[in-house]
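Next comes protein.txt, a file with compact mmCIF, C-alpha atoms.
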# COMPACT_ATOMS: atom_id res chain seq x y z
CA MET A 1 -20.16 144.11 -0.36
CA LYS A 2 -21.47 142.41 2.77
CA LEU A 3 -25.00 143.74 2.38
CA ASP A 4 -25.09 142.83 -1.31
CA VAL A 5 -24.33 139.26 -0.39
CA ARG A 6 -26.56 138.85 2.64
CA GLU A 7 -29.74 140.59 1.52
CA PRO A 8 -30.79 138.19 -1.26
CA VAL A 9 -29.85 135.18 0.89
CA LEU A 10 -32.00 136.42 3.78
CA LYS A 11 -34.83 137.42 1.45
CA ALA A 12 -34.93 133.91 -0.05
CA ASN A 13 -34.90 132.48 3.47
CA ASP A 14 -37.72 134.76 4.62
CA ASP A 15 -39.92 133.66 1.72
CA ILE A 16 -39.57 129.98 2.64
CA ALA A 17 -40.04 130.82 6.34
CA ALA A 18 -43.31 132.65 5.51
CA ASP A 19 -44.59 129.52 3.73
CA LEU A 20 -43.62 127.37 6.71
CA ARG A 21 -45.30 129.79 9.16
CA ARG A 22 -48.55 129.66 7.13
CA MET A 23 -48.48 125.86 7.20
CA PHE A 24 -47.69 125.71 10.94
CA ARG A 25 -50.60 128.05 11.58
CA GLN A 26 -53.01 125.95 9.53
CA ARG A 27 -51.99 122.91 11.55
CA HIS A 28 -52.16 124.80 14.89
CA MET A 29 -48.62 123.59 15.61
CA ALA A 30 -46.47 125.68 17.93
CA VAL A 31 -42.83 125.94 16.80
CA VAL A 32 -39.94 126.90 19.07
CA ASN A 33 -36.36 127.47 17.86
CA LEU A 34 -33.66 126.88 20.52
CA ILE A 35 -30.43 128.86 20.07
CA SER A 36 -27.24 128.91 22.18
CA SER A 37 -23.47 128.51 22.22
CA PRO A 38 -22.14 125.00 21.67
CA GLY A 39 -22.41 123.05 24.90
CA ALA A 40 -24.85 125.36 26.69
CA GLY A 41 -27.21 122.43 27.18
CA LYS A 42 -29.82 122.57 24.41
CA THR A 43 -29.95 118.80 23.93
CA THR A 44 -30.03 118.13 27.66
CA LEU A 45 -32.89 120.61 28.15
CA LEU A 46 -34.71 118.88 25.27
CA GLU A 47 -34.18 115.48 26.91
CA ARG A 48 -35.79 116.70 30.15
CA THR A 49 -38.53 118.50 28.21
CA LEU A 50 -39.46 115.49 26.06
CA ASP A 51 -39.42 113.25 29.11
CA ARG A 52 -41.90 115.52 30.91
CA LEU A 53 -44.18 116.08 27.88
CA ARG A 54 -44.69 112.36 27.17
CA GLY A 55 -48.38 111.39 27.33
CA ASP A 56 -49.33 115.06 27.41
CA LEU A 57 -48.44 116.60 24.04
CA LYS A 58 -47.54 115.27 20.62
CA VAL A 59 -44.09 116.66 19.86
CA ALA A 60 -41.61 116.42 16.98
CA VAL A 61 -37.96 117.48 17.01
CA LEU A 62 -35.55 118.74 14.33
CA VAL A 63 -31.98 118.97 15.56
CA GLY A 64 -29.23 120.79 13.66
CA ASP A 65 -25.49 120.14 13.81
CA VAL A 66 -22.55 120.82 11.55
CA GLN A 67 -21.63 117.12 11.89
CA THR A 68 -22.76 113.90 13.66
CA GLU A 69 -26.17 112.42 14.50
CA ASN A 70 -25.28 112.27 18.22
CA ASP A 71 -28.07 114.57 19.35
CA ALA A 72 -30.84 112.80 17.41
CA HIS A 73 -29.73 109.49 18.98
CA ARG A 74 -29.93 111.06 22.45
CA LEU A 75 -33.47 112.35 21.79
CA GLU A 76 -35.00 109.33 20.06
CA ARG A 77 -35.64 107.33 23.23
CA PHE A 78 -38.63 109.44 24.30
CA GLY A 79 -40.83 108.02 21.56
CA PHE A 80 -41.30 111.25 19.59
CA ALA A 81 -40.32 111.74 15.93
CA VAL A 82 -36.76 113.13 15.80
CA GLN A 83 -34.77 114.07 12.72
CA GLN A 84 -31.15 115.24 12.56
CA ILE A 85 -30.24 118.00 10.11
CA ILE A 86 -26.52 117.87 9.27
CA THR A 87 -25.63 121.25 7.83
CA GLY A 88 -22.16 120.31 6.54
CA GLY A 89 -20.19 123.51 6.97
CA THR A 90 -23.15 125.81 7.56
CA CYS A 91 -23.17 127.55 10.94
CA HIS A 92 -26.96 127.91 11.32
CA LEU A 93 -30.24 126.33 10.26
CA GLU A 94 -32.07 127.85 7.30
CA ALA A 95 -35.77 127.68 6.43
CA ARG A 96 -35.04 125.51 3.37
CA MET A 97 -33.44 122.88 5.67
CA ILE A 98 -36.58 122.85 7.83
CA ALA A 99 -38.78 122.52 4.73
CA GLU A 100 -36.62 119.65 3.47
CA HIS A 101 -36.53 117.63 6.72
CA LEU A 102 -40.00 118.43 8.08
CA PRO A 103 -41.85 115.67 6.16
CA GLN A 104 -39.85 113.08 8.07
CA VAL A 105 -41.31 114.17 11.43
CA LEU A 106 -44.71 115.54 10.40
CA SER A 107 -47.85 113.63 11.38
CA PRO A 108 -51.50 114.56 12.06
CA GLY A 109 -52.25 116.23 15.39
CA LEU A 110 -48.74 117.49 16.19
CA ASP A 111 -48.89 120.08 18.99
CA LEU A 112 -45.31 121.26 19.08
CA LEU A 113 -42.21 121.26 16.89
CA LEU A 114 -38.98 121.86 18.80
CA VAL A 115 -36.03 122.95 16.66
CA GLU A 116 -32.52 122.76 18.09
CA ASN A 117 -30.33 125.12 16.09
CA VAL A 118 -26.58 124.74 15.44
CA GLY A 119 -24.51 125.79 18.47
CA ASN A 120 -23.83 129.45 17.67
CA LEU A 121 -24.96 132.71 19.32
CA VAL A 122 -24.56 134.87 16.20
CA CYS A 123 -25.51 133.41 12.84
CA PRO A 124 -28.81 131.63 13.63
CA THR A 125 -30.28 134.96 14.79
CA ASP A 126 -31.05 136.32 11.32
CA PHE A 127 -32.52 133.16 9.82
CA ASP A 128 -36.27 132.95 10.36
CA LEU A 129 -37.43 129.31 10.40
CA GLY A 130 -41.15 130.14 10.53
CA GLU A 131 -41.10 129.61 14.31
CA ASP A 132 -43.43 131.25 16.84
CA ALA A 133 -40.59 131.94 19.23
CA LYS A 134 -36.83 131.83 19.44
CA VAL A 135 -35.54 130.77 22.86
CA VAL A 136 -31.96 131.60 23.77
CA LEU A 137 -30.04 129.45 26.26
CA LEU A 138 -27.13 130.70 28.31
CA SER A 139 -25.21 128.41 30.66
CA THR A 140 -23.79 129.61 33.98
CA PRO A 141 -20.14 128.71 33.10
CA GLU A 142 -20.28 131.02 30.05
CA GLY A 143 -20.33 134.11 32.28
CA GLU A 144 -22.73 136.94 32.83
CA ASP A 145 -21.94 139.31 29.97
CA LYS A 146 -23.17 137.27 27.01
CA PRO A 147 -26.41 139.34 26.64
CA LEU A 148 -24.26 142.47 26.23
CA LYS A 149 -21.78 140.81 23.86
CA TYR A 150 -24.39 139.10 21.68
CA PRO A 151 -27.34 141.52 22.01
CA ALA A 152 -29.09 140.60 18.73
CA ILE A 153 -30.16 137.10 19.78
CA PHE A 154 -31.09 138.20 23.31
CA HIS A 155 -33.16 140.99 21.80
CA ARG A 156 -34.93 138.78 19.25
CA ALA A 157 -35.63 135.77 21.45
CA ALA A 158 -39.02 135.58 23.19
CA ALA A 159 -37.57 133.89 26.28
CA ALA A 160 -34.22 132.99 27.81
CA VAL A 161 -33.15 129.93 29.77
CA LEU A 162 -30.21 130.09 32.17
CA THR A 163 -28.97 126.48 32.25
CA LYS A 164 -26.63 124.57 34.59
CA ILE A 165 -27.65 126.53 37.70
CA ASP A 166 -26.40 123.52 39.72
CA LEU A 167 -22.88 124.78 38.82
CA LEU A 168 -23.44 128.21 40.41
CA PRO A 169 -21.36 127.40 43.55
CA TYR A 170 -18.34 126.61 41.34
CA VAL A 171 -18.43 129.25 38.59
CA ASP A 172 -18.09 133.00 38.40
CA CYS A 173 -21.72 133.82 37.57
CA ASN A 174 -24.10 136.03 39.52
CA VAL A 175 -27.72 135.37 38.51
CA ALA A 176 -28.82 138.89 39.50
CA THR A 177 -26.21 140.29 37.10
CA VAL A 178 -27.35 137.98 34.28
CA ARG A 179 -30.92 139.14 34.91
CA ARG A 180 -29.84 142.81 34.88
CA TYR A 181 -27.87 142.50 31.61
CA LEU A 182 -30.71 140.56 30.01
CA ARG A 183 -33.30 143.18 30.97
CA ALA A 184 -30.99 145.94 29.67
CA VAL A 185 -31.01 144.31 26.22
CA HIS A 186 -34.60 143.05 26.31
CA PRO A 187 -36.84 144.55 29.01
CA GLY A 188 -39.53 142.21 30.27
CA MET A 189 -38.04 139.08 28.72
CA PRO A 190 -38.88 135.97 30.76
CA LEU A 191 -35.85 134.14 32.15
CA PHE A 192 -36.08 130.53 33.29
CA GLU A 193 -33.33 129.41 35.66
CA VAL A 194 -32.96 125.70 35.17
CA SER A 195 -30.90 122.71 36.26
CA ALA A 196 -31.31 119.62 34.11
CA VAL A 197 -29.47 117.69 36.84
CA SER A 198 -31.77 118.53 39.77
CA GLY A 199 -34.86 119.40 37.73
CA GLN A 200 -35.05 122.84 39.39
CA GLY A 201 -36.88 125.42 37.29
CA LEU A 202 -38.24 122.91 34.77
CA ASP A 203 -41.87 123.45 35.81
CA ALA A 204 -41.83 127.15 34.86
CA TRP A 205 -40.14 126.38 31.52
CA LEU A 206 -42.69 123.66 30.71
CA ALA A 207 -45.58 125.96 31.67
CA TRP A 208 -44.24 128.54 29.20
CA LEU A 209 -44.02 125.90 26.44
CA GLN A 210 -47.55 124.71 27.21
CA ALA A 211 -48.78 128.31 26.95
CA GLU A 212 -47.16 128.58 23.50
CA VAL A 213 -49.01 125.41 22.45
CA GLN A 214 -52.28 126.70 23.92
CA ALA A 215 -51.94 130.07 22.13
CA LYS A 216 -51.50 128.28 18.81
CA ARG A 217 -54.46 125.94 19.42
CA VAL A 218 -56.96 128.74 19.90
CA LEU A 219 -55.72 130.65 16.84
CA SER A 220 -58.36 130.75 14.10
CA ASP A 221 -57.16 129.86 10.58
CA MET B 1 -25.40 129.91 -4.59
CA LYS B 2 -23.50 129.48 -1.35
CA LEU B 3 -20.16 128.87 -3.07
CA ASP B 4 -20.66 131.82 -5.43
CA VAL B 5 -21.07 134.07 -2.43
CA ARG B 6 -18.31 132.69 -0.22
CA GLU B 7 -15.49 132.18 -2.68
CA PRO B 8 -14.81 135.81 -3.59
CA VAL B 9 -15.19 136.85 0.06
CA LEU B 10 -12.67 134.23 1.20
CA LYS B 11 -10.32 135.01 -1.71
CA ALA B 12 -10.27 138.71 -0.79
CA ASN B 13 -9.63 137.74 2.84
CA ASP B 14 -6.79 135.39 1.88
CA ASP B 15 -5.05 138.14 -0.10
CA ILE B 16 -5.03 140.50 2.90
CA ALA B 17 -3.98 137.63 5.20
CA ALA B 18 -1.02 136.87 2.91
CA ASP B 19 0.13 140.50 3.18
CA LEU B 20 -0.20 140.36 6.96
CA ARG B 21 1.73 137.08 7.15
CA ARG B 22 4.59 138.59 5.09
CA MET B 23 4.74 141.58 7.43
CA PHE B 24 4.60 139.39 10.58
CA ARG B 25 7.45 137.31 9.17
CA GLN B 26 9.60 140.37 8.44
CA ARG B 27 9.10 141.51 12.02
CA HIS B 28 9.72 138.01 13.44
CA MET B 29 6.44 138.33 15.32
CA ALA B 30 4.60 135.16 16.25
CA VAL B 31 0.82 135.43 15.84
CA VAL B 32 -1.70 133.11 17.53
CA ASN B 33 -5.45 133.17 16.85
CA LEU B 34 -7.63 131.89 19.73
CA ILE B 35 -10.99 130.39 18.74
CA SER B 36 -13.77 128.90 20.89
CA SER B 37 -17.46 128.98 21.80
CA PRO B 38 -18.67 132.03 23.70
CA GLY B 39 -17.74 131.67 27.36
CA ALA B 40 -15.16 128.90 26.96
CA GLY B 41 -12.58 131.07 28.70
CA LYS B 42 -10.50 132.78 26.00
CA THR B 43 -10.24 136.09 27.88
CA THR B 44 -9.49 134.38 31.19
CA LEU B 45 -6.74 132.28 29.58
CA LEU B 46 -5.34 135.49 28.06
CA GLU B 47 -5.38 137.18 31.48
CA ARG B 48 -3.31 134.35 33.00
CA THR B 49 -1.05 134.25 29.94
CA LEU B 50 -0.33 137.99 29.92
CA ASP B 51 0.27 137.94 33.67
CA ARG B 52 2.89 135.20 33.26
CA LEU B 53 4.58 136.71 30.19
CA ARG B 54 5.16 140.15 31.77
CA GLY B 55 8.85 141.01 31.86
CA ASP B 56 9.61 138.09 29.56
CA LEU B 57 8.08 138.84 26.16
CA LYS B 58 6.68 141.90 24.43
CA VAL B 59 3.09 141.05 23.59
CA ALA B 60 0.17 142.81 21.89
CA VAL B 61 -3.47 141.74 21.90
CA LEU B 62 -6.36 142.21 19.47
CA VAL B 63 -9.68 141.07 20.88
CA GLY B 64 -12.80 140.60 18.78
CA ASP B 65 -16.42 140.80 19.90
CA VAL B 66 -19.75 141.46 18.25
CA GLN B 67 -20.38 144.14 20.88
CA THR B 68 -18.78 145.71 24.00
CA GLU B 69 -15.21 146.58 24.96
CA ASN B 70 -15.45 144.44 28.12
CA ASP B 71 -12.63 142.09 27.13
CA ALA B 72 -10.15 144.84 26.22
CA HIS B 73 -10.79 146.47 29.62
CA ARG B 74 -10.08 143.13 31.35
CA LEU B 75 -6.80 142.71 29.48
CA GLU B 76 -5.40 146.26 29.69
CA ARG B 77 -4.12 145.98 33.27
CA PHE B 78 -1.12 143.82 32.31
CA GLY B 79 0.66 146.72 30.63
CA PHE B 80 0.61 145.37 27.09
CA ALA B 81 -1.02 147.10 24.10
CA VAL B 82 -4.61 145.88 23.79
CA GLN B 83 -7.15 146.85 21.15
CA GLN B 84 -10.80 145.81 20.94
CA ILE B 85 -12.27 145.03 17.52
CA ILE B 86 -16.06 145.41 17.58
CA THR B 87 -17.38 143.53 14.57
CA GLY B 88 -20.96 144.87 14.69
CA GLY B 89 -22.99 141.93 13.45
CA THR B 90 -20.11 139.91 12.02
CA CYS B 91 -19.62 136.50 13.60
CA HIS B 92 -15.85 136.20 13.05
CA LEU B 93 -12.72 138.29 12.61
CA GLU B 94 -11.50 138.96 9.08
CA ALA B 95 -8.00 139.83 7.88
CA ARG B 96 -9.11 143.36 6.94
CA MET B 97 -10.16 143.98 10.57
CA ILE B 98 -6.69 142.90 11.75
CA ALA B 99 -5.04 145.15 9.14
CA GLU B 100 -7.21 148.06 10.25
CA HIS B 101 -6.64 147.73 14.02
CA LEU B 102 -3.03 146.49 14.02
CA PRO B 103 -1.39 149.95 13.84
CA GLN B 104 -2.89 150.75 17.25
CA VAL B 105 -0.94 147.94 18.98
CA LEU B 106 2.15 147.65 16.75
CA SER B 107 5.51 148.77 18.15
CA PRO B 108 9.16 147.84 17.49
CA GLY B 109 10.37 144.55 18.96
CA LEU B 110 6.99 142.86 19.43
CA ASP B 111 7.46 139.13 20.04
CA LEU B 112 3.89 137.93 20.01
CA LEU B 113 0.48 139.06 18.83
CA LEU B 114 -2.41 137.25 20.50
CA VAL B 115 -5.73 137.49 18.69
CA GLU B 116 -8.95 136.57 20.51
CA ASN B 117 -11.56 135.77 17.88
CA VAL B 118 -15.34 136.23 18.25
CA GLY B 119 -16.92 133.44 20.34
CA ASN B 120 -17.93 130.98 17.63
CA LEU B 121 -16.74 127.46 16.77
CA VAL B 122 -17.78 127.59 13.11
CA CYS B 123 -17.34 130.84 11.19
CA PRO B 124 -13.84 131.95 12.31
CA THR B 125 -12.41 128.69 10.97
CA ASP B 126 -12.30 129.73 7.32
CA PHE B 127 -10.92 133.25 7.79
CA ASP B 128 -7.13 133.31 7.68
CA LEU B 129 -5.78 136.24 9.71
CA GLY B 130 -2.15 135.71 8.70
CA GLU B 131 -1.53 133.87 11.98
CA ASP B 132 1.11 131.19 12.57
CA ALA B 133 -1.31 129.04 14.51
CA LYS B 134 -4.96 128.78 15.37
CA VAL B 135 -5.59 127.50 18.90
CA VAL B 136 -9.00 126.06 19.72
CA LEU B 137 -10.34 126.18 23.28
CA LEU B 138 -12.94 123.78 24.64
CA SER B 139 -14.29 124.09 28.18
CA THR B 140 -15.20 121.07 30.28
CA PRO B 141 -18.89 122.10 30.76
CA GLU B 142 -19.40 122.08 26.97
CA GLY B 143 -19.17 118.30 26.84
CA GLU B 144 -16.87 115.84 25.16
CA ASP B 145 -18.27 115.60 21.66
CA LYS B 146 -17.44 119.09 20.34
CA PRO B 147 -14.44 117.86 18.25
CA LEU B 148 -16.79 115.47 16.42
CA LYS B 149 -19.55 118.08 16.00
CA TYR B 150 -17.24 120.91 14.87
CA PRO B 151 -14.43 118.96 13.18
CA ALA B 152 -13.21 121.75 10.89
CA ILE B 153 -11.78 123.98 13.60
CA PHE B 154 -10.32 121.04 15.55
CA HIS B 155 -8.69 119.83 12.34
CA ARG B 156 -7.27 123.23 11.37
CA ALA B 157 -6.03 124.35 14.79
CA ALA B 158 -2.38 123.66 15.67
CA ALA B 159 -3.18 123.06 19.35
CA ALA B 160 -6.18 122.66 21.65
CA VAL B 161 -6.73 123.86 25.21
CA LEU B 162 -9.22 122.14 27.49
CA THR B 163 -10.23 124.90 29.92
CA LYS B 164 -12.01 124.88 33.31
CA ILE B 165 -10.59 121.50 34.40
CA ASP B 166 -11.32 122.62 37.98
CA LEU B 167 -15.00 121.96 37.13
CA LEU B 168 -14.36 118.29 36.21
CA PRO B 169 -15.83 116.95 39.50
CA TYR B 170 -19.13 118.73 38.75
CA VAL B 171 -19.66 118.29 35.01
CA ASP B 172 -20.24 115.38 32.67
CA CYS B 173 -16.87 115.45 30.90
CA ASN B 174 -14.33 112.63 30.69
CA VAL B 175 -10.91 113.97 29.69
CA ALA B 176 -9.85 110.63 28.16
CA THR B 177 -12.91 110.81 25.89
CA VAL B 178 -12.13 114.41 24.89
CA ARG B 179 -8.58 113.30 24.04
CA ARG B 180 -9.87 110.33 22.02
CA TYR B 181 -12.34 112.44 19.99
CA LEU B 182 -9.70 115.11 19.42
CA ARG B 183 -7.16 112.60 18.16
CA ALA B 184 -9.79 111.04 15.88
CA VAL B 185 -10.26 114.41 14.17
CA HIS B 186 -6.63 115.57 14.39
CA PRO B 187 -4.06 112.88 15.22
CA GLY B 188 -1.06 114.14 17.15
CA MET B 189 -2.62 117.47 18.07
CA PRO B 190 -1.26 118.80 21.39
CA LEU B 191 -3.91 119.23 24.09
CA PHE B 192 -3.27 121.45 27.10
CA GLU B 193 -5.53 120.76 30.09
CA VAL B 194 -5.75 124.01 32.00
CA SER B 195 -7.43 125.62 35.00
CA ALA B 196 -7.21 129.39 35.12
CA VAL B 197 -8.45 129.18 38.72
CA SER B 198 -5.72 126.89 40.10
CA GLY B 199 -3.07 127.59 37.46
CA GLN B 200 -2.82 123.88 36.66
CA GLY B 201 -1.52 123.19 33.15
CA LEU B 202 -0.47 126.78 32.46
CA ASP B 203 3.26 125.93 32.32
CA ALA B 204 2.83 123.55 29.37
CA TRP B 205 0.65 126.07 27.52
CA LEU B 206 3.18 128.87 28.08
CA ALA B 207 6.05 126.63 26.96
CA TRP B 208 4.17 125.97 23.72
CA LEU B 209 3.62 129.71 23.18
CA GLN B 210 7.30 130.42 23.90
CA ALA B 211 8.26 127.78 21.32
CA GLU B 212 6.06 129.55 18.75
CA VAL B 213 7.87 132.81 19.50
CA GLN B 214 11.28 131.10 19.33
CA ALA B 215 10.43 129.47 15.98
CA LYS B 216 9.53 132.86 14.52
CA ARG B 217 12.69 134.52 15.91
CA VAL B 218 15.07 132.14 14.16
CA LEU B 219 13.23 132.41 10.84
CA SER B 220 15.32 134.16 8.21
CA ASP B 221 13.58 136.90 6.24

Since I need it in another form, could you write the structure as structure tokens?
Amino acid sequence: MKLDVREPVLKANDDIAADLRRMFRQRHMAVVNLISSPGAGKTTLLERTLDRLRGDLKVAVLVGDVQTENDAHRLERFGFAVQQIITGGTCHLEARMIAEHLPQVLSPGLDLLLVENVGNLVCPTDFDLGEDAKVVLLSTPEGEDKPLKYPAIFHRAAAAVLTKIDLLPYVDCNVATVRRYLRAVHPGMPLFEVSAVSGQGLDAWLAWLQAEVQAKRVLSD
Amino acid sequence: MKLDVREPVLKANDDIAADLRRMFRQRHMAVVNLISSPGAGKTTLLERTLDRLRGDLKVAVLVGDVQTENDAHRLERFGFAVQQIITGGTCHLEARMIAEHLPQVLSPGLDLLLVENVGNLVCPTDFDLGEDAKVVLLSTPEGEDKPLKYPAIFHRAAAAVLTKIDLLPYVDCNVATVRRYLRAVHPGMPLFEVSAVSGQGLDAWLAWLQAEVQAKRVLSD
């Protein structure tokens, strides 16, 4: 029964995502889809990222939540176009939601669209949004075994960010173990170890984002 | 389309949950369903809870995860019956999974069945498992606004547990604000502020659990 229900839903999503991907490619826009548990620090990482990219890249942001416009309000102050997507009860973003809200942030010359998914390590995994890369965030207080428990997203994501490394002295999280579990699920996956509080590790993360933008720029239509 | 898909799935689940609830009632077993984000501390709270209930109550545990038996292994050492439910890709426990795995932990005279759901603040909300109470956990590093962003689970749960209060000096989380947001979504909801590290707040949580067991004991068939 489960497959009967999911297959047509995912097929419809994939069709819209393919249209989005074609359009993103024509515009040479890089698109990154951030996925994590609730409270792992997606919005905070975006705040630091937008702050550092000001004057350098032209960025737009779509931010998904089941309820509230809190995150959009937090992100608006950096001067980029930001649009909240309130999903109602839905536990993930779908391509049709991106297609519906995109016109409100689209403008000529956009380099990068950052999408913050609903806080959820499971359901967003299967829904292609036409992005170039999924990035999975894992915060140090969540513990080391999340890559083993939620392998699908860690396998599908192009990069991982370990957030809140400033909390390492106070939580039961060994970075070497995180790295080992991550590599077991996804060999060779880049891992950025970041503190939004101290700024540690942000340079490497931003360099990776810039490389995504650069790769999309040089792509021929 | 969404409603067409979900309604029959939820209806089938509710029917199995109603059967389970009838059976739990006949056995005077209290059943509590723990729900939270990944890494909020469900398994750690269960470890402390089982440790304290030894010699006092007869408890069984069903623990759900997308992958791995890690959590069951952590919980087995307290001498209670523990069974892992591996959901494969499914992002929540369903009543049929409880019905399927229950025989492996069921024995005469059980007082309490503790169910640890898959780490997810959205999808487990709608799936009745025949429980007496859902309990939602929120950890201090996740931030204060989760009750506003995920109102459904905070509205449906009978009690909330704020975990990792030992991290309060290091994270951006004001307990008064958590309490205010929680009460906005669910007035009168009990909130237990707990540290599994120091043991702070565990007594109140255990007293609440004992009251659930007592309420079920005095219920006539």

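With all atoms listed in the file as the basis for measurement, B:Val66 is the residue among B:Val66, B:Leu138, B:Met29, B:Cys173 that approaches Ile153 in chain A most closely.
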
Let me make sure I understand: among A:Val171, A:Ile165, A:Leu219, A:Leu137, which one has the smallest atom-to-atom distance to Glu193 in chain A if we use all atoms listed in the file? A:Ile165

Given only C-alpha atoms as the counted atoms, nearest of A:Arg27, A:Lys149, A:Ala160, A:Asp126 to Ser107 in chain A: A:Arg27

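CA of Gly55 in chain A sits 29.1 Å away from CA of Ile86 in chain A.
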
Within 8 Å of chain B: each chain A residue with its shortest pair, only C-alpha atoms, as a tab-separated table:
residue	atom	partner	partner_atom	distance
A:Val5	CA	B:Val5	CA	6.5
A:Ser37	CA	B:Ser37	CA	6.0
A:Pro38	CA	B:Ser37	CA	6.1
A:Gly39	CA	B:Glu142	CA	3.8
A:Ala40	CA	B:Glu142	CA	6.4
A:Gly41	CA	B:Glu142	CA	7.8
A:Asp65	CA	B:Lys149	CA	6.7
A:Val66	CA	B:Lys149	CA	6.0
A:Gln67	CA	B:Lys149	CA	4.7
A:Thr68	CA	B:Lys149	CA	5.8
A:Gly89	CA	B:Val122	CA	7.8
A:Thr90	CA	B:Val122	CA	7.9
A:Cys91	CA	B:Val122	CA	5.8
A:Asn120	CA	B:Asn120	CA	6.1
A:Leu121	CA	B:Asn120	CA	7.4
A:Val122	CA	B:Cys91	CA	5.8
A:Cys123	CA	B:Cys91	CA	6.7
A:Pro141	CA	B:Gly39	CA	6.9
A:Glu142	CA	B:Gly39	CA	3.8
A:Gly143	CA	B:Gly39	CA	6.1
A:Lys146	CA	B:Pro38	CA	7.7
A:Leu148	CA	B:Thr68	CA	6.7
A:Lys149	CA	B:Gln67	CA	4.7
A:Tyr150	CA	B:Val66	CA	6.2
A:Pro151	CA	B:Gln67	CA	7.5
A:Leu167	CA	B:Tyr170	CA	7.1
A:Tyr170	CA	B:Leu167	CA	7.1

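The coordinates place CA of Thr87 in chain A at 22.8 Å from CA of Val178 in chain B.
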
Can you pull out the residues contacting Leu46 in chain A? Cut-off 12 Å, using all atoms listed in the file, and skip same-chain residues under 3 positions away; I want them as a compact mmCIF listing (two decimals) with C-alpha atoms, in the coordinates of the input.
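Resulting contents of around-v4.txt:
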# COMPACT_ATOMS: atom_id res chain seq x y z
CA VAL A 32 -39.94 126.90 19.07
CA ASN A 33 -36.36 127.47 17.86
CA LEU A 34 -33.66 126.88 20.52
CA ALA A 40 -24.85 125.36 26.69
CA GLY A 41 -27.21 122.43 27.18
CA LYS A 42 -29.82 122.57 24.41
CA THR A 43 -29.95 118.80 23.93
CA THR A 49 -38.53 118.50 28.21
CA LEU A 50 -39.46 115.49 26.06
CA ASP A 51 -39.42 113.25 29.11
CA ARG A 52 -41.90 115.52 30.91
CA LEU A 53 -44.18 116.08 27.88
CA VAL A 59 -44.09 116.66 19.86
CA ALA A 60 -41.61 116.42 16.98
CA VAL A 61 -37.96 117.48 17.01
CA LEU A 62 -35.55 118.74 14.33
CA VAL A 63 -31.98 118.97 15.56
CA ASP A 71 -28.07 114.57 19.35
CA ALA A 72 -30.84 112.80 17.41
CA ARG A 74 -29.93 111.06 22.45
CA LEU A 75 -33.47 112.35 21.79
CA GLU A 76 -35.00 109.33 20.06
CA ARG A 77 -35.64 107.33 23.23
CA PHE A 78 -38.63 109.44 24.30
CA PHE A 80 -41.30 111.25 19.59
CA VAL A 82 -36.76 113.13 15.80
CA LEU A 113 -42.21 121.26 16.89
CA LEU A 114 -38.98 121.86 18.80
CA VAL A 115 -36.03 122.95 16.66
CA GLU A 116 -32.52 122.76 18.09
CA ASN A 117 -30.33 125.12 16.09
CA LEU A 137 -30.04 129.45 26.26
CA THR A 163 -28.97 126.48 32.25
CA ALA A 196 -31.31 119.62 34.11
CA LEU A 202 -38.24 122.91 34.77
CA TRP A 205 -40.14 126.38 31.52
CA LEU A 206 -42.69 123.66 30.71
CA LEU A 209 -44.02 125.90 26.44

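One finds CA of Arg54 in chain A at 27.3 Å from CA of Ala95 in chain A.
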
Determine the nearest neighbour of Phe24 in chain B from the options B:Ala184, B:Val136, B:Val213, B:Val175, counting all atoms listed in the file. B:Val213

When you look at Leu10 in chain B with a cut-off of 12 Å (counting only C-alpha atoms), what residues show up, excluding the ones that are within fewer than 6 positions of it in the same chain? I need them as a PDB file with C-alpha atoms, keeping the file's coordinate frame.
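Output file out12.pdb follows:
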ATOM      1  CA  LEU B   3     -20.160 128.870  -3.070  1.00  0.00           C
ATOM      2  CA  ASP B   4     -20.660 131.820  -5.430  1.00  0.00           C
ATOM      3  CA  ILE B  16      -5.030 140.500   2.900  1.00  0.00           C
ATOM      4  CA  ALA B  17      -3.980 137.630   5.200  1.00  0.00           C
ATOM      5  CA  GLU B  94     -11.500 138.960   9.080  1.00  0.00           C
ATOM      6  CA  ALA B  95      -8.000 139.830   7.880  1.00  0.00           C
ATOM      7  CA  ARG B  96      -9.110 143.360   6.940  1.00  0.00           C
ATOM      8  CA  CYS B 123     -17.340 130.840  11.190  1.00  0.00           C
ATOM      9  CA  PRO B 124     -13.840 131.950  12.310  1.00  0.00           C
ATOM     10  CA  THR B 125     -12.410 128.690  10.970  1.00  0.00           C
ATOM     11  CA  ASP B 126     -12.300 129.730   7.320  1.00  0.00           C
ATOM     12  CA  PHE B 127     -10.920 133.250   7.790  1.00  0.00           C
ATOM     13  CA  ASP B 128      -7.130 133.310   7.680  1.00  0.00           C
ATOM     14  CA  LEU B 129      -5.780 136.240   9.710  1.00  0.00           C
TER      15      LEU B 129
END

For range 68-72 of chain B, what centre and edge lengths in Å (one decimal) does the axis-aligned box get once 8 Å is added on each side of all its listed atoms, as AutoDock Vina command-line options?
--center_x -14.5 --center_y 144.3 --center_z 26.1 --size_x 24.6 --size_y 20.5 --size_z 20.1
